[in-house]
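> Please find protein15.cif (mmCIF, C-alpha atoms) on the next line:
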```cif
data_data
#
loop_
_atom_site.group_PDB
_atom_site.id
_atom_site.type_symbol
_atom_site.label_atom_id
_atom_site.label_comp_id
_atom_site.auth_asym_id
_atom_site.auth_seq_id
_atom_site.Cartn_x
_atom_site.Cartn_y
_atom_site.Cartn_z
ATOM 1 C CA MET A 1 -8.340 30.305 38.620
ATOM 2 C CA TRP A 2 -5.434 32.660 37.962
ATOM 3 C CA THR A 3 -2.935 30.026 39.146
ATOM 4 C CA TRP A 4 -4.229 27.770 36.396
ATOM 5 C CA PHE A 5 -3.912 30.628 33.876
ATOM 6 C CA HIS A 6 -0.300 31.237 34.896
ATOM 7 C CA LYS A 7 0.469 27.532 34.694
ATOM 8 C CA LEU A 8 -0.831 27.573 31.112
ATOM 9 C CA GLY A 9 2.154 29.737 30.220
ATOM 10 C CA SER A 10 4.676 27.257 31.606
ATOM 11 C CA PRO A 11 6.158 24.992 28.873
ATOM 12 C CA PRO A 12 6.996 22.015 31.149
ATOM 13 C CA TRP A 13 3.495 22.100 32.728
ATOM 14 C CA MET A 14 1.866 22.381 29.288
ATOM 15 C CA TYR A 15 3.989 19.525 27.939
ATOM 16 C CA ARG A 16 3.091 17.302 30.894
ATOM 17 C CA ILE A 17 -0.640 18.090 30.980
ATOM 18 C CA SER A 18 -1.002 17.780 27.180
ATOM 19 C CA GLY A 19 0.564 14.318 27.397
ATOM 20 C CA ARG A 20 -2.084 13.284 29.940
ATOM 21 C CA ILE A 21 -4.916 14.747 27.841
ATOM 22 C CA LEU A 22 -3.644 13.010 24.700
ATOM 23 C CA ALA A 23 -3.432 9.645 26.467
ATOM 24 C CA ILE A 24 -7.242 9.782 26.876
ATOM 25 C CA LEU A 25 -8.336 11.910 23.932
ATOM 26 C CA LEU A 26 -6.305 10.267 21.170
ATOM 27 C CA PRO A 27 -7.784 6.733 21.426
ATOM 28 C CA LEU A 28 -11.245 8.271 21.959
ATOM 29 C CA THR A 29 -10.845 10.358 18.781
ATOM 30 C CA VAL A 30 -9.734 7.382 16.681
ATOM 31 C CA ALA A 31 -12.664 5.310 18.024
ATOM 32 C CA MET A 32 -15.175 8.093 17.257
ATOM 33 C CA LEU A 33 -13.759 8.568 13.752
ATOM 34 C CA VAL A 34 -13.997 4.838 12.993
ATOM 35 C CA VAL A 35 -17.518 4.433 14.453
ATOM 36 C CA GLY A 36 -18.797 7.637 12.792
ATOM 37 C CA ALA A 37 -17.316 6.733 9.400
ATOM 38 C CA VAL A 38 -18.639 3.144 9.425
ATOM 39 C CA TRP A 39 -22.063 4.367 10.622
ATOM 40 C CA GLY A 40 -22.291 7.032 7.932
ATOM 41 C CA LEU A 41 -20.847 4.952 5.100
ATOM 42 C CA LEU A 42 -22.548 1.626 5.694
ATOM 43 C CA TYR A 43 -25.582 2.080 7.974
ATOM 44 C CA ALA A 44 -27.088 5.527 7.250
ATOM 45 C CA PRO A 45 -29.835 5.551 4.596
ATOM 46 C CA MET A 46 -29.220 6.886 1.094
ATOM 47 C CA ASP A 47 -30.324 10.394 0.146
ATOM 48 C CA PHE A 48 -33.257 10.270 -2.271
ATOM 49 C CA LYS A 49 -31.922 13.134 -4.462
ATOM 50 C CA GLN A 50 -28.139 12.685 -4.401
ATOM 51 C CA GLY A 51 -27.971 8.922 -3.994
ATOM 52 C CA ASN A 52 -24.965 7.421 -2.213
ATOM 53 C CA SER A 53 -22.641 10.312 -3.092
ATOM 54 C CA PHE A 54 -24.344 12.130 -0.211
ATOM 55 C CA ARG A 55 -22.203 9.982 2.159
ATOM 56 C CA ILE A 56 -19.286 12.356 1.435
ATOM 57 C CA ILE A 57 -21.118 14.701 3.837
ATOM 58 C CA TYR A 58 -19.704 12.649 6.757
ATOM 59 C CA PHE A 59 -16.193 13.868 5.864
ATOM 60 C CA HIS A 60 -16.807 17.145 4.042
ATOM 61 C CA VAL A 61 -19.007 18.897 6.627
ATOM 62 C CA PRO A 62 -16.936 17.977 9.731
ATOM 63 C CA ALA A 63 -13.703 19.054 7.967
ATOM 64 C CA SER A 64 -15.314 22.360 6.900
ATOM 65 C CA VAL A 65 -16.876 23.110 10.314
ATOM 66 C CA VAL A 66 -13.641 22.435 12.194
ATOM 67 C CA ALA A 67 -11.500 24.283 9.601
ATOM 68 C CA LEU A 68 -13.605 27.385 10.359
ATOM 69 C CA ALA A 69 -13.511 26.825 14.125
ATOM 70 C CA GLY A 70 -9.746 26.291 13.876
ATOM 71 C CA TYR A 71 -9.392 29.749 12.398
ATOM 72 C CA TYR A 72 -11.124 31.218 15.460
ATOM 73 C CA VAL A 73 -8.685 29.309 17.691
ATOM 74 C CA MET A 74 -5.721 30.626 15.679
ATOM 75 C CA ALA A 75 -6.986 34.217 15.639
ATOM 76 C CA ILE A 76 -7.902 34.258 19.357
ATOM 77 C CA ALA A 77 -4.482 32.793 20.220
ATOM 78 C CA GLY A 78 -2.934 35.481 18.013
ATOM 79 C CA ALA A 79 -4.886 38.203 19.833
ATOM 80 C CA VAL A 80 -3.814 36.859 23.249
ATOM 81 C CA SER A 81 -0.175 36.760 22.123
ATOM 82 C CA LEU A 82 -0.421 40.357 20.882
ATOM 83 C CA ILE A 83 -2.258 41.781 23.907
ATOM 84 C CA TRP A 84 -0.698 39.840 26.807
ATOM 85 C CA ARG A 85 2.583 38.816 25.083
ATOM 86 C CA MET A 86 1.888 35.252 26.156
ATOM 87 C CA LYS A 87 4.392 32.940 24.445
ATOM 88 C CA MET A 88 2.148 29.880 24.813
ATOM 89 C CA ALA A 89 -0.570 31.668 22.829
ATOM 90 C CA GLU A 90 1.947 32.347 20.064
ATOM 91 C CA VAL A 91 2.872 28.650 20.061
ATOM 92 C CA ALA A 92 -0.832 27.737 19.819
ATOM 93 C CA MET A 93 -1.372 30.187 16.954
ATOM 94 C CA LYS A 94 1.628 28.884 15.017
ATOM 95 C CA CYS A 95 0.619 25.238 15.584
ATOM 96 C CA ALA A 96 -3.066 25.742 14.690
ATOM 97 C CA ALA A 97 -2.188 26.994 11.194
ATOM 98 C CA PRO A 98 -0.997 23.683 9.616
ATOM 99 C CA VAL A 99 -3.878 21.753 11.229
ATOM 100 C CA GLY A 100 -6.428 24.253 9.916
ATOM 101 C CA ALA A 101 -4.778 24.243 6.490
ATOM 102 C CA ALA A 102 -4.950 20.427 6.304
ATOM 103 C CA LEU A 103 -8.655 20.421 7.251
ATOM 104 C CA THR A 104 -9.453 23.207 4.769
ATOM 105 C CA PHE A 105 -7.610 21.225 2.083
ATOM 106 C CA LEU A 106 -9.707 18.166 2.999
ATOM 107 C CA SER A 107 -12.880 20.266 2.862
ATOM 108 C CA LEU A 108 -12.016 21.682 -0.580
ATOM 109 C CA LEU A 109 -10.934 18.354 -2.041
ATOM 110 C CA SER A 110 -13.899 16.363 -0.685
ATOM 111 C CA GLY A 111 -16.224 19.140 -1.865
ATOM 112 C CA ALA A 112 -14.699 19.037 -5.347
ATOM 113 C CA ILE A 113 -15.066 15.239 -5.511
ATOM 114 C CA TRP A 114 -18.672 15.538 -4.267
ATOM 115 C CA GLY A 115 -19.347 18.237 -6.887
ATOM 116 C CA LYS A 116 -18.703 15.906 -9.820
ATOM 117 C CA PRO A 117 -21.654 13.493 -9.313
ATOM 118 C CA THR A 118 -23.901 16.251 -7.867
ATOM 119 C CA TRP A 119 -23.241 19.314 -10.046
ATOM 120 C CA GLY A 120 -21.404 17.657 -12.955
ATOM 121 C CA THR A 121 -18.206 19.584 -12.277
ATOM 122 C CA TYR A 122 -15.328 19.457 -9.813
ATOM 123 C CA TRP A 123 -15.046 23.214 -9.374
ATOM 124 C CA VAL A 124 -17.090 26.395 -9.761
ATOM 125 C CA TRP A 125 -16.070 29.893 -8.668
ATOM 126 C CA ASP A 126 -18.979 29.923 -6.267
ATOM 127 C CA ALA A 127 -19.061 32.309 -3.252
ATOM 128 C CA ARG A 128 -18.841 29.518 -0.647
ATOM 129 C CA ILE A 129 -16.091 27.590 -2.428
ATOM 130 C CA THR A 130 -14.050 30.705 -3.261
ATOM 131 C CA SER A 131 -14.249 32.019 0.320
ATOM 132 C CA MET A 132 -13.124 28.573 1.550
ATOM 133 C CA LEU A 133 -10.169 28.769 -0.869
ATOM 134 C CA ILE A 134 -9.314 32.192 0.616
ATOM 135 C CA LEU A 135 -9.397 30.572 4.075
ATOM 136 C CA PHE A 136 -6.895 27.971 2.823
ATOM 137 C CA PHE A 137 -4.617 30.761 1.535
ATOM 138 C CA LEU A 138 -4.931 32.605 4.873
ATOM 139 C CA TYR A 139 -3.757 29.496 6.730
ATOM 140 C CA LEU A 140 -0.889 29.059 4.233
ATOM 141 C CA GLY A 141 -0.099 32.776 4.605
ATOM 142 C CA VAL A 142 0.346 32.422 8.373
ATOM 143 C CA ILE A 143 2.622 29.370 7.894
ATOM 144 C CA VAL A 144 4.776 31.041 5.224
ATOM 145 C CA LEU A 145 4.903 34.417 7.020
ATOM 146 C CA TYR A 146 6.215 32.768 10.198
ATOM 147 C CA GLN A 147 8.947 30.992 8.214
ATOM 148 C CA ALA A 148 9.877 34.173 6.321
ATOM 149 C CA TYR A 149 10.968 36.136 9.407
ATOM 150 C CA GLU A 150 14.405 35.621 10.983
ATOM 151 C CA ASN A 151 13.219 37.349 14.165
ATOM 152 C CA LYS A 152 10.611 34.981 15.599
ATOM 153 C CA GLU A 153 9.113 37.641 17.885
ATOM 154 C CA ALA A 154 8.373 39.828 14.855
ATOM 155 C CA ALA A 155 7.104 36.729 13.000
ATOM 156 C CA GLY A 156 4.654 36.003 15.831
ATOM 157 C CA LYS A 157 3.324 39.577 15.772
ATOM 158 C CA ALA A 158 2.941 39.631 11.975
ATOM 159 C CA CYS A 159 1.110 36.274 11.970
ATOM 160 C CA ALA A 160 -1.180 37.398 14.795
ATOM 161 C CA VAL A 161 -2.126 40.530 12.828
ATOM 162 C CA LEU A 162 -2.692 38.499 9.644
ATOM 163 C CA SER A 163 -4.875 35.955 11.442
ATOM 164 C CA LEU A 164 -6.944 38.744 13.056
ATOM 165 C CA VAL A 165 -7.416 40.567 9.740
ATOM 166 C CA GLY A 166 -8.413 37.261 8.098
ATOM 167 C CA MET A 167 -11.255 36.891 10.614
ATOM 168 C CA VAL A 168 -13.349 39.054 8.307
ATOM 169 C CA ASN A 169 -13.529 36.061 5.931
ATOM 170 C CA ILE A 170 -15.258 33.757 8.456
ATOM 171 C CA PRO A 171 -18.741 35.380 8.538
ATOM 172 C CA ILE A 172 -18.505 35.718 4.743
ATOM 173 C CA ILE A 173 -18.015 31.940 4.480
ATOM 174 C CA TYR A 174 -20.933 31.263 6.849
ATOM 175 C CA LYS A 175 -23.346 33.629 5.109
ATOM 176 C CA SER A 176 -22.113 33.202 1.502
ATOM 177 C CA VAL A 177 -24.870 30.704 0.637
ATOM 178 C CA ASP A 178 -27.507 33.180 1.852
ATOM 179 C CA TRP A 179 -25.995 36.381 0.436
ATOM 180 C CA TRP A 180 -25.233 35.148 -3.093
ATOM 181 C CA TYR A 181 -26.900 32.779 -5.530
ATOM 182 C CA SER A 182 -24.864 29.629 -5.107
ATOM 183 C CA LEU A 183 -24.643 26.064 -6.352
ATOM 184 C CA HIS A 184 -23.658 25.101 -2.821
ATOM 185 C CA GLN A 185 -26.584 23.948 -0.709
ATOM 186 C CA PRO A 186 -27.559 25.978 2.398
ATOM 187 C CA ALA A 187 -26.619 24.763 5.880
ATOM 188 C CA THR A 188 -28.320 21.510 6.860
ATOM 189 C CA ILE A 189 -27.629 21.867 10.590
ATOM 190 C CA LYS A 190 -29.112 25.019 12.083
ATOM 191 C CA PHE A 191 -29.064 26.294 15.655
ATOM 192 C CA THR A 192 -32.245 28.341 15.345
ATOM 193 C CA GLU A 193 -34.378 25.949 13.283
ATOM 194 C CA GLU A 194 -34.923 22.248 13.051
ATOM 195 C CA SER A 195 -32.363 20.420 10.942
ATOM 196 C CA THR A 196 -33.374 19.504 7.400
ATOM 197 C CA MET A 197 -31.834 16.029 7.825
ATOM 198 C CA HIS A 198 -33.507 12.936 9.161
ATOM 199 C CA SER A 199 -32.139 11.821 12.539
ATOM 200 C CA SER A 200 -30.827 8.552 11.059
ATOM 201 C CA MET A 201 -28.534 10.643 8.845
ATOM 202 C CA LEU A 202 -27.915 13.417 11.360
ATOM 203 C CA GLN A 203 -26.658 11.289 14.261
ATOM 204 C CA PRO A 204 -23.542 9.909 12.499
ATOM 205 C CA LEU A 205 -22.858 13.408 11.154
ATOM 206 C CA LEU A 206 -22.918 14.914 14.654
ATOM 207 C CA LEU A 207 -20.604 12.147 15.862
ATOM 208 C CA MET A 208 -18.176 12.865 13.014
ATOM 209 C CA ILE A 209 -18.234 16.618 13.774
ATOM 210 C CA LEU A 210 -17.406 15.865 17.428
ATOM 211 C CA ALA A 211 -14.661 13.460 16.289
ATOM 212 C CA PHE A 212 -13.144 16.148 14.035
ATOM 213 C CA TYR A 213 -13.183 18.677 16.893
ATOM 214 C CA CYS A 214 -11.281 16.114 18.984
ATOM 215 C CA LEU A 215 -8.953 15.448 16.029
ATOM 216 C CA PHE A 216 -8.181 19.164 15.815
ATOM 217 C CA THR A 217 -7.458 19.289 19.563
ATOM 218 C CA CYS A 218 -5.171 16.232 19.389
ATOM 219 C CA ALA A 219 -3.275 17.505 16.334
ATOM 220 C CA LEU A 220 -2.916 20.967 17.903
ATOM 221 C CA LEU A 221 -1.571 19.537 21.172
ATOM 222 C CA LEU A 222 0.840 17.208 19.328
ATOM 223 C CA ASN A 223 2.146 20.124 17.245
ATOM 224 C CA MET A 224 2.470 22.301 20.355
ATOM 225 C CA ARG A 225 4.449 19.600 22.183
ATOM 226 C CA SER A 226 6.855 19.360 19.253
ATOM 227 C CA GLU A 227 7.210 23.150 19.108
ATOM 228 C CA LEU A 228 7.717 23.424 22.896
ATOM 229 C CA LEU A 229 10.561 20.901 22.682
ATOM 230 C CA ARG A 230 12.234 22.863 19.870
ATOM 231 C CA ARG A 231 11.926 26.122 21.803
ATOM 232 C CA GLY A 232 13.091 24.550 25.034
ATOM 233 C CA VAL A 233 16.458 23.245 23.780
ATOM 234 C CA GLY A 234 19.033 23.681 26.526
ATOM 235 C CA THR A 235 16.469 24.056 29.318
ATOM 236 C CA SER A 236 16.529 21.663 32.250
ATOM 237 C CA TRP A 237 13.048 20.192 31.604
ATOM 238 C CA VAL A 238 13.892 19.224 27.987
ATOM 239 C CA ARG A 239 17.262 17.767 29.100
ATOM 240 C CA ALA A 240 15.418 15.759 31.746
ATOM 241 C CA LEU A 241 13.123 14.316 29.023
ATOM 242 C CA ALA A 242 16.146 13.304 26.942
ATOM 243 C CA VAL A 243 17.773 11.569 29.951
ATOM 244 C CA ASN A 244 14.579 9.673 30.793
ATOM 245 C CA MET B 245 -26.086 -2.703 7.162
ATOM 246 C CA TYR B 246 -27.779 -0.573 4.499
ATOM 247 C CA PHE B 247 -26.152 -2.463 1.605
ATOM 248 C CA GLU B 248 -26.948 -6.067 0.730
ATOM 249 C CA SER B 249 -23.358 -7.093 0.033
ATOM 250 C CA LEU B 250 -19.771 -5.855 0.250
ATOM 251 C CA GLN B 251 -19.735 -5.395 -3.542
ATOM 252 C CA ALA B 252 -22.814 -3.168 -3.305
ATOM 253 C CA ALA B 253 -21.160 -1.159 -0.518
ATOM 254 C CA LEU B 254 -18.020 -0.709 -2.625
ATOM 255 C CA ALA B 255 -19.949 0.218 -5.783
ATOM 256 C CA MET B 256 -22.560 2.460 -4.062
ATOM 257 C CA ASP B 257 -24.635 2.512 -7.273
ATOM 258 C CA GLY B 258 -21.798 4.022 -9.272
ATOM 259 C CA HIS B 259 -20.854 6.611 -6.631
ATOM 260 C CA GLY B 260 -18.334 4.350 -4.861
ATOM 261 C CA VAL B 261 -15.324 5.821 -6.650
ATOM 262 C CA TYR B 262 -16.203 9.315 -5.329
ATOM 263 C CA VAL B 263 -17.122 8.261 -1.801
ATOM 264 C CA TRP B 264 -14.207 5.856 -1.238
ATOM 265 C CA SER B 265 -11.643 8.272 -2.702
ATOM 266 C CA VAL B 266 -12.800 10.853 -0.118
ATOM 267 C CA VAL B 267 -12.436 8.187 2.592
ATOM 268 C CA VAL B 268 -8.847 7.473 1.483
ATOM 269 C CA VAL B 269 -7.932 11.189 1.435
ATOM 270 C CA THR B 270 -9.524 11.665 4.890
ATOM 271 C CA VAL B 271 -7.564 8.734 6.340
ATOM 272 C CA LEU B 272 -4.312 10.117 4.894
ATOM 273 C CA VAL B 273 -4.965 13.639 6.221
ATOM 274 C CA CYS B 274 -5.998 12.389 9.691
ATOM 275 C CA ALA B 275 -2.991 10.050 9.897
ATOM 276 C CA GLY B 276 -0.678 12.838 8.777
ATOM 277 C CA LEU B 277 -2.100 15.254 11.369
ATOM 278 C CA LEU B 278 -1.565 12.795 14.212
ATOM 279 C CA VAL B 279 1.533 10.827 13.195
ATOM 280 C CA LEU B 280 3.854 13.529 11.800
ATOM 281 C CA PRO B 281 4.060 15.820 14.886
ATOM 282 C CA ALA B 282 4.263 12.825 17.249
ATOM 283 C CA ARG B 283 7.133 11.366 15.220
ATOM 284 C CA ALA B 284 8.895 14.745 15.041
ATOM 285 C CA ALA B 285 8.778 15.065 18.843
ATOM 286 C CA ARG B 286 10.016 11.490 19.353
ATOM 287 C CA ARG B 287 12.929 12.027 16.925
ATOM 288 C CA PHE B 288 13.776 15.327 18.601
ATOM 289 C CA ILE B 289 14.001 13.689 22.040
ATOM 290 C CA ALA B 290 16.018 10.778 20.586
ATOM 291 C CA GLY B 291 18.420 13.289 18.999
ATOM 292 C CA LEU B 292 18.872 15.089 22.311
ATOM 293 C CA ALA B 293 19.464 11.793 24.115
ATOM 294 C CA GLU B 294 22.204 10.933 21.587
ATOM 295 C CA ASP B 295 23.836 14.338 22.084
ATOM 296 C CA ASP B 296 23.742 13.906 25.876
ATOM 297 C CA ALA B 297 25.202 10.364 25.780
ATOM 298 C CA PRO B 298 28.845 10.202 26.970
ATOM 299 C CA ALA B 299 31.292 10.051 24.065
ATOM 300 C CA PRO B 300 33.051 6.660 23.590
ATOM 301 C CA GLN B 301 36.554 6.555 25.095
ATOM 302 C CA ALA B 302 39.267 7.452 22.628
ATOM 303 C CA ALA B 303 41.419 4.511 21.410
ATOM 304 C CA PRO B 304 45.019 4.564 22.668
ATOM 305 C CA SER B 305 47.211 6.228 20.105
ATOM 306 C CA VAL B 306 50.065 3.686 20.632
ATOM 307 C CA ARG B 307 49.339 -0.034 20.485
ATOM 308 C CA ILE B 308 50.307 -2.199 23.473
ATOM 309 C CA GLU B 309 52.619 -4.402 21.365
ATOM 310 C CA GLU B 310 54.515 -1.333 20.268
ATOM 311 C CA VAL B 311 54.951 -0.273 23.906
ATOM 312 C CA ASN B 312 56.238 -3.746 24.872
ATOM 313 C CA ASN B 313 58.653 -3.785 21.940
ATOM 314 C CA ALA B 314 59.915 -0.370 22.836
ATOM 315 C CA SER B 315 60.499 -1.297 26.513
ATOM 316 C CA GLY B 316 62.220 -4.616 25.547
ATOM 317 C CA SER B 317 64.765 -3.044 23.170
#
```
Go through the file and emit its structure as structure tokens.


Amino acid sequence: MWTWFHKLGSPPWMYRISGRILAILLPLTVAMLVVGAVWGLLYAPMDFKQGNSFRIIYFHVPASVVALAGYYVMAIAGAVSLIWRMKMAEVAMKCAAPVGAALTFLSLLSGAIWGKPTWGTYWVWDARITSMLILFFLYLGVIVLYQAYENKEAAGKACAVLSLVGMVNIPIIYKSVDWWYSLHQPATIKFTEESTMHSSMLQPLLLMILAFYCLFTCALLLNMRSELLRRGVGTSWVRALAVN
Amino acid sequence: MYFESLQAALAMDGHGVYVWSVVVVTVLVCAGLLVLPARAARRFIAGLAEDDAPAPQAAPSVRIEEVNNASGS
């Protein structure tokens, strides 16, 4: 087990193994996204209250769920890089930030577009929406903070601290619809209770959530490969890639 | 299919503009997430390969005709 853990810290091993994972996961992700989107858009029944605008759920909810999960990935990677000084964890933290920011942006924008036919407005300073906007700024903060430092070791530490401090926002986002009066509807998928959605609507949603988790993994690995190459300039394994 | 025709699927009872605009944004974001880092890595490797390629041989500073003329005179 520990051999595997040590290998995880080796850039050439990580580059090689991520290439193998992507060769399988990338086509699978694209297939799941296409099937899930077509299923949700064209085959799932219409919601009796919201009409067809409800179909935005197949993009909004997966983007939101994975944007939150992505923050956990970034913060845990930041903690590992702080505690064990593991460079690969720092790479993962740095590379998770733009992916999480893009998914949070998608969540906010799709939510705003969904708000117009449902609530009659694109934006309200609602607890859920505002805490999601803070999440977006936290992701942007990590990206900008890393760029701001000349010393990349100090940049890694500062970003790890910021991502750990920002963790306090995640339970607030989850519980915001319960703690405050909100225009935003409560969670439709619950672990402790039965879902409020019919299975014909729920199945494509679950597929899209899985597809977005895979999308996050693919985008993270692709970003990490690019970053590993940049950091490995002059090393024998990067030179060998250029020769081949 | 839930809709009776392609037009009905595009219109979605007046909600089509909202739903399809979200689809377009999602496609752009997903494509950007997957294509941009892959292209950056490919360009980086191509740049390294160019740097590692042997430099073309320098052209002779004196032309052959000039050498022949010089030796003949």

> Starting from the displayed file, determine the output of the PyMOL selection byres ((chain A) within 9 of (chain B)) and express the residue list as an NGL selection string.

:A and (26 or 37 or 39 or 41-46 or 51-56 or 59-60 or 98-99 or 102-103 or 106 or 109-110 or 113-114 or 116-117 or 215-216 or 218-220 or 222-227 or 229-230 or 233 or 238-239 or 241-244)

> Please provide as a PyMOL selection string all residues within 7 Å of region 15-21 of chain A, with the sequence filter that same-chain residues fewer than 4 positions apart are discarded (counting all atoms listed in the file).

chain A and resi 11+25+221+225

> Record the distance separating CA of Thr29 (chain A) and CA of Leu210 (chain A), expressed in Å with one decimal.

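Answer for the CA of Thr29 (chain A) to CA of Leu210 (chain A) separation: 8.7 Å.
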
> Just say which residues the PyMOL selection byres ((chain A and resi 123) around 12) picks in this file, as a PyMOL selection string.

chain A and resi 108-122+124-130+133+183-184

> Include C-alpha atoms and write out the residues we just selected as a PDB file, in the coordinates of the input.


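So out_29.pdb came out as:
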```pdb
ATOM      1  CA  LEU A 108     -12.016  21.682  -0.580  1.00  0.00           C
ATOM      2  CA  LEU A 109     -10.934  18.354  -2.041  1.00  0.00           C
ATOM      3  CA  SER A 110     -13.899  16.363  -0.685  1.00  0.00           C
ATOM      4  CA  GLY A 111     -16.224  19.140  -1.865  1.00  0.00           C
ATOM      5  CA  ALA A 112     -14.699  19.037  -5.347  1.00  0.00           C
ATOM      6  CA  ILE A 113     -15.066  15.239  -5.511  1.00  0.00           C
ATOM      7  CA  TRP A 114     -18.672  15.538  -4.267  1.00  0.00           C
ATOM      8  CA  GLY A 115     -19.347  18.237  -6.887  1.00  0.00           C
ATOM      9  CA  LYS A 116     -18.703  15.906  -9.820  1.00  0.00           C
ATOM     10  CA  PRO A 117     -21.654  13.493  -9.313  1.00  0.00           C
ATOM     11  CA  THR A 118     -23.901  16.251  -7.867  1.00  0.00           C
ATOM     12  CA  TRP A 119     -23.241  19.314 -10.046  1.00  0.00           C
ATOM     13  CA  GLY A 120     -21.404  17.657 -12.955  1.00  0.00           C
ATOM     14  CA  THR A 121     -18.206  19.584 -12.277  1.00  0.00           C
ATOM     15  CA  TYR A 122     -15.328  19.457  -9.813  1.00  0.00           C
ATOM     16  CA  VAL A 124     -17.090  26.395  -9.761  1.00  0.00           C
ATOM     17  CA  TRP A 125     -16.070  29.893  -8.668  1.00  0.00           C
ATOM     18  CA  ASP A 126     -18.979  29.923  -6.267  1.00  0.00           C
ATOM     19  CA  ALA A 127     -19.061  32.309  -3.252  1.00  0.00           C
ATOM     20  CA  ARG A 128     -18.841  29.518  -0.647  1.00  0.00           C
ATOM     21  CA  ILE A 129     -16.091  27.590  -2.428  1.00  0.00           C
ATOM     22  CA  THR A 130     -14.050  30.705  -3.261  1.00  0.00           C
ATOM     23  CA  LEU A 133     -10.169  28.769  -0.869  1.00  0.00           C
ATOM     24  CA  LEU A 183     -24.643  26.064  -6.352  1.00  0.00           C
ATOM     25  CA  HIS A 184     -23.658  25.101  -2.821  1.00  0.00           C
TER      26      HIS A 184
END
```

> Nearest to Val91 (chain A) among A:Phe212, A:Trp237, A:Trp13, A:Tyr146, with distances taken over only C-alpha atoms: which residue is it?

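Of the candidates, the smallest distance to Val91 (chain A) is held by A:Tyr146.
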
> Could you tell me how far CA of Thr3 (chain A) lies from CA of Tyr71 (chain A), in Å and to one decimal?

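Separation between CA of Thr3 (chain A) and CA of Tyr71 (chain A): 27.5 Å.
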
> Between CA of Ala23 (chain A) and CA of Gly70 (chain A), measure the distance and give it in Å to one decimal.

21.8 Å

> Since I can't run it myself right now, could you work out what the PyMOL selection byres ((chain A and resi 87) around 10) selects here and report it as a list of chain:residue names?

A:Gly9, A:Ser10, A:Pro11, A:Ala77, A:Val80, A:Ser81, A:Leu82, A:Trp84, A:Arg85, A:Met86, A:Met88, A:Ala89, A:Glu90, A:Val91, A:Ala92, A:Met93, A:Glu153, A:Gly156

> Skipping near chain neighbours, those fewer than 5 positions away, what residues fall within 10 Å of Leu162 (chain A) using all atoms listed in the file, listed as a list in words?

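Surrounding residues, per the criterion: Ala75, Gly78, Leu138, Tyr139, Gly141, Val142, Leu145, Gly156, Lys157 and Met167 of chain A.
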
> For Cys159 (chain A), which residue out of A:Ala97, A:Thr196, A:Asp178, A:Thr217 is the nearest one, using all atoms listed in the file?

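The shortest atom-to-atom distance to Cys159 (chain A) comes from A:Ala97.
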